[in-house]
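Chemist: You'll find final07.cif just under this line, and it carries mmCIF, C-alpha atoms.
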data_protein
#
loop_
_atom_site.group_PDB
_atom_site.id
_atom_site.type_symbol
_atom_site.label_atom_id
_atom_site.label_comp_id
_atom_site.auth_asym_id
_atom_site.auth_seq_id
_atom_site.Cartn_x
_atom_site.Cartn_y
_atom_site.Cartn_z
ATOM 1 C CA MET A 8 84.361 122.665 107.599
ATOM 2 C CA LEU A 9 83.885 118.890 107.464
ATOM 3 C CA LEU A 10 82.431 117.141 110.520
ATOM 4 C CA ASP A 11 83.214 113.498 111.279
ATOM 5 C CA THR A 12 79.691 113.286 112.661
ATOM 6 C CA ALA A 13 79.678 109.863 114.348
ATOM 7 C CA SER A 14 83.004 110.564 116.036
ATOM 8 C CA LEU A 15 81.597 113.814 117.403
ATOM 9 C CA TYR A 16 78.264 112.481 118.644
ATOM 10 C CA PHE A 17 80.093 109.616 120.400
ATOM 11 C CA ARG A 18 82.199 112.283 122.132
ATOM 12 C CA ALA A 19 79.086 114.270 122.988
ATOM 13 C CA TYR A 20 77.371 111.167 124.375
ATOM 14 C CA PHE A 21 80.230 110.437 126.763
ATOM 15 C CA GLY A 22 80.853 114.122 127.549
ATOM 16 C CA VAL A 23 77.311 115.163 128.497
ATOM 17 C CA PRO A 24 75.501 113.423 131.388
ATOM 18 C CA GLU A 25 72.645 111.040 130.578
ATOM 19 C CA SER A 26 70.522 113.067 132.975
ATOM 20 C CA VAL A 27 69.965 115.456 130.026
ATOM 21 C CA LYS A 28 66.618 114.095 128.837
ATOM 22 C CA ALA A 29 63.615 114.814 126.634
ATOM 23 C CA PRO A 30 60.248 115.560 128.299
ATOM 24 C CA ASP A 31 59.350 111.843 128.090
ATOM 25 C CA GLY A 32 62.554 110.851 129.926
ATOM 26 C CA THR A 33 64.533 109.680 126.855
ATOM 27 C CA PRO A 34 68.227 110.685 127.093
ATOM 28 C CA VAL A 35 69.186 113.367 124.542
ATOM 29 C CA ASN A 36 72.704 114.051 125.827
ATOM 30 C CA ALA A 37 74.337 113.193 122.478
ATOM 31 C CA VAL A 38 71.849 115.343 120.538
ATOM 32 C CA ARG A 39 72.216 118.398 122.733
ATOM 33 C CA GLY A 40 75.962 117.953 123.162
ATOM 34 C CA LEU A 41 76.473 117.816 119.395
ATOM 35 C CA LEU A 42 74.281 120.878 118.768
ATOM 36 C CA ASP A 43 76.231 122.864 121.367
ATOM 37 C CA PHE A 44 79.508 121.715 119.839
ATOM 38 C CA ILE A 45 78.469 122.725 116.305
ATOM 39 C CA ALA A 46 77.304 126.101 117.673
ATOM 40 C CA ARG A 47 80.772 126.736 119.139
ATOM 41 C CA LEU A 48 82.470 125.643 115.908
ATOM 42 C CA VAL A 49 80.351 128.020 113.835
ATOM 43 C CA GLN A 50 80.843 130.865 116.292
ATOM 44 C CA ASP A 51 84.608 130.415 116.670
ATOM 45 C CA HIS A 52 85.591 129.503 113.095
ATOM 46 C CA GLU A 53 82.875 131.097 110.909
ATOM 47 C CA PRO A 54 82.987 128.538 108.086
ATOM 48 C CA ASP A 55 81.420 129.402 104.721
ATOM 49 C CA ASP A 56 80.460 125.773 104.163
ATOM 50 C CA LEU A 57 79.619 123.082 106.689
ATOM 51 C CA VAL A 58 79.118 119.394 105.920
ATOM 52 C CA ALA A 59 78.096 116.694 108.400
ATOM 53 C CA CYS A 60 79.840 113.644 106.914
ATOM 54 C CA MET A 61 78.095 110.350 107.712
ATOM 55 C CA ASP A 62 79.037 106.673 107.983
ATOM 56 C CA PHE A 63 76.672 105.007 105.527
ATOM 57 C CA ASP A 64 78.834 101.924 106.109
ATOM 58 C CA TRP A 65 81.062 102.005 109.191
ATOM 59 C CA ARG A 66 82.819 98.731 108.199
ATOM 60 C CA PRO A 67 82.916 98.486 104.381
ATOM 61 C CA GLN A 68 83.112 94.975 102.976
ATOM 62 C CA TRP A 69 85.995 95.900 100.651
ATOM 63 C CA ARG A 70 88.120 96.759 103.691
ATOM 64 C CA VAL A 71 87.058 93.589 105.558
ATOM 65 C CA GLU A 72 88.006 91.421 102.564
ATOM 66 C CA LEU A 73 91.548 92.810 102.750
ATOM 67 C CA ILE A 74 91.883 92.641 106.567
ATOM 68 C CA PRO A 75 89.131 90.434 108.116
ATOM 69 C CA SER A 76 89.859 91.716 111.642
ATOM 70 C CA TYR A 77 89.007 95.285 110.575
ATOM 71 C CA LYS A 78 86.624 96.611 113.283
ATOM 72 C CA ALA A 79 85.463 93.004 113.856
ATOM 73 C CA HIS A 80 85.378 93.445 117.638
ATOM 74 C CA ARG A 81 82.792 96.233 117.238
ATOM 75 C CA VAL A 82 80.221 94.135 115.364
ATOM 76 C CA ALA A 83 77.018 93.746 117.392
ATOM 77 C CA GLU A 84 75.157 91.799 114.718
ATOM 78 C CA GLU A 85 76.093 90.582 111.244
ATOM 79 C CA VAL A 86 73.660 91.661 108.510
ATOM 80 C CA GLU A 87 73.571 89.644 105.317
ATOM 81 C CA GLY A 88 73.788 91.834 102.226
ATOM 82 C CA GLY A 89 74.149 95.078 104.202
ATOM 83 C CA PRO A 90 76.329 96.915 106.708
ATOM 84 C CA ASP A 91 76.790 94.998 109.978
ATOM 85 C CA GLU A 92 75.321 96.627 113.059
ATOM 86 C CA GLU A 93 77.900 98.393 115.213
ATOM 87 C CA GLU A 94 78.007 97.884 118.954
ATOM 88 C CA THR A 95 76.589 101.142 120.320
ATOM 89 C CA PRO A 96 75.507 102.103 123.846
ATOM 90 C CA ASP A 97 71.785 101.333 124.286
ATOM 91 C CA THR A 98 70.887 104.947 125.005
ATOM 92 C CA LEU A 99 72.919 106.370 122.089
ATOM 93 C CA SER A 100 71.365 104.362 119.209
ATOM 94 C CA PRO A 101 67.894 105.993 119.502
ATOM 95 C CA GLN A 102 69.496 109.453 119.478
ATOM 96 C CA VAL A 103 71.154 109.046 116.072
ATOM 97 C CA PRO A 104 67.932 109.391 114.006
ATOM 98 C CA VAL A 105 67.034 112.456 116.087
ATOM 99 C CA ILE A 106 70.421 114.022 115.268
ATOM 100 C CA GLU A 107 69.847 113.303 111.577
ATOM 101 C CA ASP A 108 66.317 114.766 111.615
ATOM 102 C CA VAL A 109 67.458 117.916 113.413
ATOM 103 C CA LEU A 110 70.410 118.531 111.061
ATOM 104 C CA ASP A 111 68.111 118.041 108.055
ATOM 105 C CA ALA A 112 65.491 120.456 109.412
ATOM 106 C CA ILE A 113 68.162 123.072 110.129
ATOM 107 C CA GLY A 114 69.559 122.640 106.609
ATOM 108 C CA ILE A 115 73.083 121.483 107.471
ATOM 109 C CA ALA A 116 74.233 119.239 104.612
ATOM 110 C CA ARG A 117 74.418 115.576 105.642
ATOM 111 C CA VAL A 118 76.535 113.597 103.192
ATOM 112 C CA GLY A 119 77.449 109.925 102.932
ATOM 113 C CA ALA A 120 77.815 107.197 100.331
ATOM 114 C CA VAL A 121 76.834 103.520 100.289
ATOM 115 C CA GLY A 122 79.860 101.307 100.940
ATOM 116 C CA TYR A 123 81.992 104.078 102.454
ATOM 117 C CA GLU A 124 82.851 105.503 105.851
ATOM 118 C CA ALA A 125 82.616 109.173 106.800
ATOM 119 C CA ASP A 126 86.445 109.276 106.616
ATOM 120 C CA ASP A 127 86.237 108.497 102.898
ATOM 121 C CA VAL A 128 83.615 111.203 102.335
ATOM 122 C CA ILE A 129 85.855 113.667 104.194
ATOM 123 C CA GLY A 130 88.883 112.634 102.123
ATOM 124 C CA THR A 131 86.942 113.129 98.896
ATOM 125 C CA LEU A 132 85.513 116.530 99.872
ATOM 126 C CA ALA A 133 88.866 117.760 101.231
ATOM 127 C CA GLY A 134 90.462 116.805 97.909
ATOM 128 C CA ARG A 135 87.814 118.687 95.934
ATOM 129 C CA ALA A 136 87.885 121.856 98.037
ATOM 130 C CA ALA A 137 89.197 125.024 96.413
ATOM 131 C CA GLY A 138 89.982 126.789 99.694
ATOM 132 C CA PRO A 139 91.135 125.975 103.226
ATOM 133 C CA VAL A 140 89.482 123.019 104.992
ATOM 134 C CA ASP A 141 88.973 122.349 108.689
ATOM 135 C CA ILE A 142 88.256 118.688 109.473
ATOM 136 C CA VAL A 143 86.675 118.248 112.909
ATOM 137 C CA THR A 144 87.168 114.729 114.270
ATOM 138 C CA GLY A 145 88.091 112.733 117.335
ATOM 139 C CA ASP A 146 89.617 110.068 115.043
ATOM 140 C CA ARG A 147 93.371 110.298 114.533
ATOM 141 C CA ASP A 148 93.112 108.388 111.228
ATOM 142 C CA LEU A 149 92.215 111.671 109.535
ATOM 143 C CA PHE A 150 95.575 113.222 110.416
ATOM 144 C CA GLN A 151 96.694 111.688 107.109
ATOM 145 C CA LEU A 152 94.778 114.451 105.271
ATOM 146 C CA VAL A 153 96.714 117.328 106.866
ATOM 147 C CA ASP A 154 98.270 119.378 104.056
ATOM 148 C CA ASP A 155 99.682 122.867 104.623
ATOM 149 C CA ALA A 156 99.958 123.603 100.904
ATOM 150 C CA ARG A 157 96.217 123.111 100.473
ATOM 151 C CA GLY A 158 95.245 124.592 103.850
ATOM 152 C CA VAL A 159 93.841 121.306 105.202
ATOM 153 C CA ARG A 160 94.102 120.909 108.974
ATOM 154 C CA VAL A 161 92.432 118.788 111.643
ATOM 155 C CA LEU A 162 90.664 120.216 114.697
ATOM 156 C CA TYR A 163 90.875 117.472 117.313
ATOM 157 C CA PRO A 164 88.774 117.634 120.504
ATOM 158 C CA VAL A 165 90.787 117.206 123.688
ATOM 159 C CA LYS A 166 89.277 116.634 127.142
ATOM 160 C CA GLY A 167 85.852 115.682 125.830
ATOM 161 C CA MET A 168 84.440 118.491 123.717
ATOM 162 C CA GLY A 169 85.828 121.362 125.776
ATOM 163 C CA SER A 170 88.722 122.490 123.604
ATOM 164 C CA LEU A 171 90.201 121.768 120.204
ATOM 165 C CA GLN A 172 93.802 121.193 119.209
ATOM 166 C CA ALA A 173 94.615 122.302 115.661
ATOM 167 C CA PHE A 174 96.890 119.929 113.769
ATOM 168 C CA ASP A 175 98.833 121.328 110.834
ATOM 169 C CA GLU A 176 102.039 119.732 109.501
ATOM 170 C CA ALA A 177 104.216 121.331 112.206
ATOM 171 C CA ALA A 178 101.975 120.006 115.005
ATOM 172 C CA LEU A 179 101.929 116.534 113.420
ATOM 173 C CA ARG A 180 105.722 116.441 113.109
ATOM 174 C CA GLU A 181 106.141 117.628 116.687
ATOM 175 C CA LYS A 182 103.820 114.954 118.103
ATOM 176 C CA TYR A 183 104.398 112.007 115.733
ATOM 177 C CA GLY A 184 107.492 112.853 113.670
ATOM 178 C CA VAL A 185 105.615 112.553 110.357
ATOM 179 C CA ASP A 186 103.612 114.673 107.900
ATOM 180 C CA GLY A 187 100.033 113.956 106.747
ATOM 181 C CA PRO A 188 100.679 111.135 104.244
ATOM 182 C CA GLY A 189 103.321 109.761 106.614
ATOM 183 C CA TYR A 190 100.690 109.390 109.332
ATOM 184 C CA ALA A 191 98.872 106.688 107.335
ATOM 185 C CA ASP A 192 102.116 104.708 107.041
ATOM 186 C CA LEU A 193 102.799 105.230 110.764
ATOM 187 C CA ALA A 194 99.303 104.002 111.640
ATOM 188 C CA LEU A 195 99.467 100.824 109.577
ATOM 189 C CA LEU A 196 102.947 99.945 110.891
ATOM 190 C CA ARG A 197 102.071 100.421 114.583
ATOM 191 C CA GLY A 198 98.535 99.044 114.203
ATOM 192 C CA ASP A 199 95.382 100.238 115.898
ATOM 193 C CA PRO A 200 93.470 97.938 118.276
ATOM 194 C CA SER A 201 90.401 100.206 118.153
ATOM 195 C CA ASP A 202 90.120 99.496 114.404
ATOM 196 C CA GLY A 203 91.247 95.854 114.569
ATOM 197 C CA LEU A 204 94.465 96.602 112.664
ATOM 198 C CA PRO A 205 97.209 94.232 113.828
ATOM 199 C CA GLY A 206 100.193 96.330 112.725
ATOM 200 C CA VAL A 207 103.679 94.830 112.574
ATOM 201 C CA PRO A 208 104.494 92.900 115.776
ATOM 202 C CA GLY A 209 107.277 94.625 117.691
ATOM 203 C CA ILE A 210 106.984 97.902 115.746
ATOM 204 C CA GLY A 211 105.470 100.577 117.954
ATOM 205 C CA GLU A 212 104.813 104.225 117.218
ATOM 206 C CA LYS A 213 108.334 105.491 117.951
ATOM 207 C CA THR A 214 110.033 102.733 115.968
ATOM 208 C CA ALA A 215 107.655 103.299 113.056
ATOM 209 C CA ALA A 216 108.437 107.045 113.108
ATOM 210 C CA LYS A 217 112.202 106.334 113.105
ATOM 211 C CA LEU A 218 111.876 103.920 110.167
ATOM 212 C CA LEU A 219 109.858 106.503 108.229
ATOM 213 C CA ALA A 220 112.427 109.213 109.043
ATOM 214 C CA SER A 221 115.196 106.926 107.743
ATOM 215 C CA PHE A 222 113.527 105.538 104.613
ATOM 216 C CA GLY A 223 110.878 108.130 103.700
ATOM 217 C CA ASP A 224 107.712 106.079 103.397
ATOM 218 C CA LEU A 225 106.395 102.506 103.489
ATOM 219 C CA ALA A 226 107.735 101.758 100.009
ATOM 220 C CA GLY A 227 111.176 102.951 101.129
ATOM 221 C CA ILE A 228 111.040 100.765 104.246
ATOM 222 C CA LEU A 229 110.054 97.684 102.209
ATOM 223 C CA ALA A 230 112.864 98.393 99.746
ATOM 224 C CA ALA A 231 115.294 98.586 102.691
ATOM 225 C CA VAL A 232 114.065 95.194 103.930
ATOM 226 C CA GLU A 233 115.091 93.708 100.558
ATOM 227 C CA ASP A 234 118.427 95.557 100.458
ATOM 228 C CA PRO A 235 121.146 93.726 102.462
ATOM 229 C CA ALA A 236 123.182 96.953 102.624
ATOM 230 C CA ALA A 237 120.378 99.012 104.177
ATOM 231 C CA LYS A 238 120.903 100.099 107.771
ATOM 232 C CA ILE A 239 118.056 98.243 109.435
ATOM 233 C CA SER A 240 118.373 95.915 112.419
ATOM 234 C CA PRO A 241 118.102 92.157 111.799
ATOM 235 C CA ALA A 242 115.119 91.913 114.168
ATOM 236 C CA GLN A 243 113.239 94.709 112.390
ATOM 237 C CA ARG A 244 114.099 93.278 108.971
ATOM 238 C CA LYS A 245 112.694 89.898 110.046
ATOM 239 C CA ARG A 246 109.499 91.385 111.528
ATOM 240 C CA LEU A 247 108.813 93.522 108.464
ATOM 241 C CA ALA A 248 109.531 90.650 106.049
ATOM 242 C CA GLU A 249 107.167 88.340 107.962
ATOM 243 C CA ALA A 250 104.486 91.053 107.904
ATOM 244 C CA GLY A 251 104.744 91.278 104.097
ATOM 245 C CA PRO A 252 101.215 89.960 103.347
ATOM 246 C CA TYR A 253 99.667 92.423 105.836
ATOM 247 C CA LEU A 254 101.736 95.356 104.540
ATOM 248 C CA ALA A 255 100.662 94.562 100.974
ATOM 249 C CA VAL A 256 96.981 95.214 101.746
ATOM 250 C CA ALA A 257 97.071 97.551 104.771
ATOM 251 C CA PRO A 258 97.610 100.795 102.802
ATOM 252 C CA LYS A 259 94.299 100.405 100.954
ATOM 253 C CA VAL A 260 92.494 99.768 104.254
ATOM 254 C CA VAL A 261 94.122 102.566 106.251
ATOM 255 C CA ARG A 262 94.241 105.319 103.626
ATOM 256 C CA VAL A 263 90.975 107.149 103.156
ATOM 257 C CA ALA A 264 89.379 106.962 99.736
ATOM 258 C CA GLY A 265 89.542 110.167 97.723
ATOM 259 C CA ASP A 266 87.147 109.267 94.939
ATOM 260 C CA VAL A 267 83.821 108.531 96.626
ATOM 261 C CA PRO A 268 80.817 109.078 94.304
ATOM 262 C CA LEU A 269 78.651 111.695 96.023
ATOM 263 C CA ALA A 270 75.207 112.990 95.090
ATOM 264 C CA PRO A 271 74.969 116.772 94.566
ATOM 265 C CA PHE A 272 74.326 118.793 97.736
ATOM 266 C CA ASP A 273 74.427 122.361 99.034
ATOM 267 C CA ALA A 274 77.272 122.794 101.510
ATOM 268 C CA ALA A 275 76.582 126.467 102.265
ATOM 269 C CA LEU A 276 76.149 127.266 105.940
ATOM 270 C CA PRO A 277 72.405 127.840 106.483
ATOM 271 C CA ARG A 278 71.531 131.229 107.968
ATOM 272 C CA GLU A 279 68.011 130.170 108.932
ATOM 273 C CA PRO A 280 66.292 126.786 109.303
ATOM 274 C CA ARG A 281 65.348 124.969 106.118
ATOM 275 C CA ASP A 282 62.134 123.633 107.682
ATOM 276 C CA PRO A 283 61.163 125.797 110.695
ATOM 277 C CA GLU A 284 57.922 123.935 111.460
ATOM 278 C CA VAL A 285 59.558 120.502 111.529
ATOM 279 C CA LEU A 286 62.415 121.913 113.609
ATOM 280 C CA GLU A 287 59.996 123.439 116.113
ATOM 281 C CA ALA A 288 58.190 120.106 116.481
ATOM 282 C CA LEU A 289 61.504 118.282 116.988
ATOM 283 C CA ALA A 290 62.624 120.866 119.557
ATOM 284 C CA GLU A 291 59.417 120.401 121.527
ATOM 285 C CA ARG A 292 59.342 116.591 121.225
ATOM 286 C CA TRP A 293 62.954 116.158 122.325
ATOM 287 C CA GLY A 294 63.381 119.150 124.636
ATOM 288 C CA LEU A 295 66.277 120.646 122.690
ATOM 289 C CA GLY A 296 65.882 124.028 124.385
ATOM 290 C CA GLY A 297 68.965 126.181 124.751
ATOM 291 C CA SER A 298 71.234 123.879 122.716
ATOM 292 C CA LEU A 299 69.183 124.385 119.548
ATOM 293 C CA GLN A 300 68.730 128.110 120.214
ATOM 294 C CA ARG A 301 72.495 128.581 120.620
ATOM 295 C CA LEU A 302 73.116 126.875 117.282
ATOM 296 C CA LEU A 303 70.425 128.896 115.491
ATOM 297 C CA SER A 304 71.893 132.115 116.982
ATOM 298 C CA ALA A 305 75.373 131.147 115.790
ATOM 299 C CA LEU A 306 74.072 130.365 112.299
ATOM 300 C CA GLY A 307 72.165 133.675 112.154
ATOM 301 C CA GLY A 308 75.442 135.433 112.836
#
Turn this file's structure into structure tokens for me.

Modeler:
Amino acid sequence: MLLDTASLYFRAYFGVPESVKAPDGTPVNAVRGLLDFIARLVQDHEPDDLVACMDFDWRPQWRVELIPSYKAHRVAEEVEGGPDEEETPDTLSPQVPVIEDVLDAIGIARVGAVGYEADDVIGTLAGRAAGPVDIVTGDRDLFQLVDDARGVRVLYPVKGMGSLQAFDEAALREKYGVDGPGYADLALLRGDPSDGLPGVPGIGEKTAAKLLASFGDLAGILAAVEDPAAKISPAQRKRLAEAGPYLAVAPKVVRVAGDVPLAPFDAALPREPRDPEVLEALAERWGLGGSLQRLLSALGG
């Protein structure tokens, strides 16, 4: 089980009231919400391995060089020589180090790589996995990794953190008309304002799905644009031709990397805390109470 950690703690932050606080009055809604969510995942799905995948760089420079608007609207502060700071709610930022400390003390593997997003770490680990993989994320970009043959599916939270919708290839086709790899092509054609991806003007999700159904993939669509005999409307042909420079670089930006260099780590689900004393101090300092106990109970099986 691979967790898109930032996506999940953002969900927890907005799904649990800020009135959930530590003894000193600091909000810990994201911390406790995430711990409760992981407890339910472990209890319901019983994974052998669990990895909290991290954004060591939420806006990698190599993606920005290809599409400068990539996540540009989310930059709170530009940092020379390092990852820019992401715009984050004031009361969420201080909770992130607490989440990291708690996961480390429990012994849940926390994995990231300099210059890469959590999506890329997930893509790499999903590609390496010998058995079935559940990817837990609130980010639709990772639908591109769905692969029935390899047992890779996405568990997508709906209505906050309350329930999960499992996406295999059948569910993807039913909702979007594409398979896993086709989802990346769909996403880059329609664009994604939340990621600063412009897409092709005039090509929405349904039109993109129809083009992919007709011509197979992005390469097939671009070949059709160049083929006068291809059945494609003049307006669509014009839009796609004009978007040529964007479509030349968008695949590298939108598709997750599958070859991220990762340091060795132990992915095995911990049955007891790695550092009980540190964990106890964190629990007391931040008032983690029942949320932490529920996770430890789930891990103990």

Chemist: Rank nothing, just name the residue among A:Ile129, A:Ala37, A:Met8, A:Val159 nearest to Leu269 (chain A), using all atoms listed in the file.

Modeler: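 Answer, going by the shortest atom-to-atom distance: A:Ile129.
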
Chemist: Got a sec to resolve the PyMOL selection byres ((chain A and resi 108-124) around 6) on this structure and send the residues as a PDB file with C-alpha atoms, keeping the file's coordinate frame?

Modeler:
ATOM      1  CA  VAL A  58      79.118 119.394 105.920  1.00  0.00           C
ATOM      2  CA  ALA A  59      78.096 116.694 108.400  1.00  0.00           C
ATOM      3  CA  CYS A  60      79.840 113.644 106.914  1.00  0.00           C
ATOM      4  CA  MET A  61      78.095 110.350 107.712  1.00  0.00           C
ATOM      5  CA  ASP A  62      79.037 106.673 107.983  1.00  0.00           C
ATOM      6  CA  PHE A  63      76.672 105.007 105.527  1.00  0.00           C
ATOM      7  CA  ASP A  64      78.834 101.924 106.109  1.00  0.00           C
ATOM      8  CA  TRP A  65      81.062 102.005 109.191  1.00  0.00           C
ATOM      9  CA  PRO A  67      82.916  98.486 104.381  1.00  0.00           C
ATOM     10  CA  VAL A 105      67.034 112.456 116.087  1.00  0.00           C
ATOM     11  CA  ILE A 106      70.421 114.022 115.268  1.00  0.00           C
ATOM     12  CA  GLU A 107      69.847 113.303 111.577  1.00  0.00           C
ATOM     13  CA  ALA A 125      82.616 109.173 106.800  1.00  0.00           C
ATOM     14  CA  ASP A 126      86.445 109.276 106.616  1.00  0.00           C
ATOM     15  CA  ASP A 127      86.237 108.497 102.898  1.00  0.00           C
ATOM     16  CA  ALA A 274      77.272 122.794 101.510  1.00  0.00           C
ATOM     17  CA  PRO A 277      72.405 127.840 106.483  1.00  0.00           C
ATOM     18  CA  PRO A 280      66.292 126.786 109.303  1.00  0.00           C
ATOM     19  CA  ARG A 281      65.348 124.969 106.118  1.00  0.00           C
ATOM     20  CA  ASP A 282      62.134 123.633 107.682  1.00  0.00           C
ATOM     21  CA  LEU A 286      62.415 121.913 113.609  1.00  0.00           C
TER      22      LEU A 286
END

Chemist: Just say which residues the PyMOL selection byres ((chain A and resi 50) around 12) picks in this file, as a ChimeraX atom specification.

Modeler: /A:43-49,51-55,276,301-308

Chemist: Please report as CSV every residue of region 132-251 of chain A lying within 9 Å of region 78-95 of chain A, along with the nearest atom pair and their distance in Å (one decimal), using only C-alpha atoms.

Modeler:
residue,atom,partner,partner_atom,distance
A:Pro200,CA,A:Lys78,CA,8.6
A:Ser201,CA,A:Lys78,CA,7.1
A:Asp202,CA,A:Lys78,CA,4.7
A:Gly203,CA,A:Lys78,CA,4.9
A:Leu204,CA,A:Lys78,CA,7.9

Chemist: What does the structure give for the distance between CA of Gly189 (chain A) and CA of Asp224 (chain A), in Å to one decimal?

Modeler: 6.6 Å

Chemist: Tell me which of A:Ala250, A:Val260, A:Val285, A:Leu9 sits closest to Ala133 (chain A), counting all atoms listed in the file.

Modeler: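 The answer is A:Leu9, which sits nearest to Ala133 (chain A).
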
Chemist: Could you check the closest approach to Ala248 (chain A) for each of A:Ser76, A:Ile228, A:Gly138, A:Tyr16 and tell me which residue wins, using all atoms listed in the file?

Modeler: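 The closest residue to Ala248 (chain A) is A:Ile228.
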
Chemist: Name the closest residue to Gly22 (chain A) among the candidates A:Lys166, A:Lys259, A:Arg70, A:Arg160; distances are taken between atoms, counting all atoms listed in the file.

Modeler: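 Closest to Gly22 (chain A), using all atoms listed in the file: A:Lys166.
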
Chemist: Given the file shown, enumerate the residues that the PyMOL selection byres ((chain A and resi 212-217) around 8) captures and present them as a list of chain:residue names.

Modeler: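 Applying the PyMOL selection byres ((chain A and resi 212-217) around 8) to the structure shown produces A:Tyr183, A:Gly184, A:Val185, A:Leu193, A:Ala194, A:Leu196, A:Arg197, A:Ile210, A:Gly211, A:Leu218, A:Leu219, A:Ala220, A:Ser221.
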
Chemist: Counting only C-alpha atoms, which of A:Gly294, A:Pro164, A:Pro283, A:Gly223 gets nearest to Asn36 (chain A)?

Modeler: A:Gly294

Chemist: CA of Val38 (chain A) and CA of Gly296 (chain A), how far apart in Å?

Modeler: 11.2 Å

Chemist: I need the residue nearest Gly206 (chain A) from this list: A:Ala137, A:Ile74, A:Ala264, A:Leu295. Use only C-alpha atoms for the distance.

Modeler: A:Ile74

Chemist: State, in Å with one decimal place, the distance from CA of Leu10 (chain A) to CA of Leu42 (chain A).

Modeler: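 CA of Leu42 (chain A) lies 12.2 Å from CA of Leu10 (chain A).
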
Chemist: Find the residues around Gly134 (chain A) up to 10 Å (all atoms listed in the file counted), leave out those fewer than 2 positions away in its own chain, and share them as a tab-separated table (two decimals) with C-alpha atoms, in the frame of the given file.

Modeler:
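And here's result12.tsv as it stands now:
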chain	number	residue	atom	x	y	z
A	128	VAL	CA	83.62	111.20	102.34
A	129	ILE	CA	85.86	113.67	104.19
A	130	GLY	CA	88.88	112.63	102.12
A	131	THR	CA	86.94	113.13	98.90
A	132	LEU	CA	85.51	116.53	99.87
A	136	ALA	CA	87.88	121.86	98.04
A	137	ALA	CA	89.20	125.02	96.41
A	140	VAL	CA	89.48	123.02	104.99
A	152	LEU	CA	94.78	114.45	105.27
A	157	ARG	CA	96.22	123.11	100.47
A	159	VAL	CA	93.84	121.31	105.20
A	265	GLY	CA	89.54	110.17	97.72
A	266	ASP	CA	87.15	109.27	94.94

Chemist: Would you compute an axis-aligned box for region 15-27 of chain A, covering every atom listed for it in the file with 3 Å of margin on each side, and report centre and edge lengths in Å to one decimal as AutoDock Vina command-line options?

Modeler:
--center_x 76.1 --center_y 112.5 --center_z 125.2 --size_x 18.2 --size_y 11.8 --size_z 21.6

Chemist: Identify, on the basis of all atoms listed in the file, every residue whose closest approach to Leu179 (chain A) does not exceed 12 Å; exclude the query and any residue fewer than 4 positions from it along the same chain; express the result as a PyMOL selection string.

Modeler: chain A and resi 147+149-155+160-163+172-175+183-191+193+216
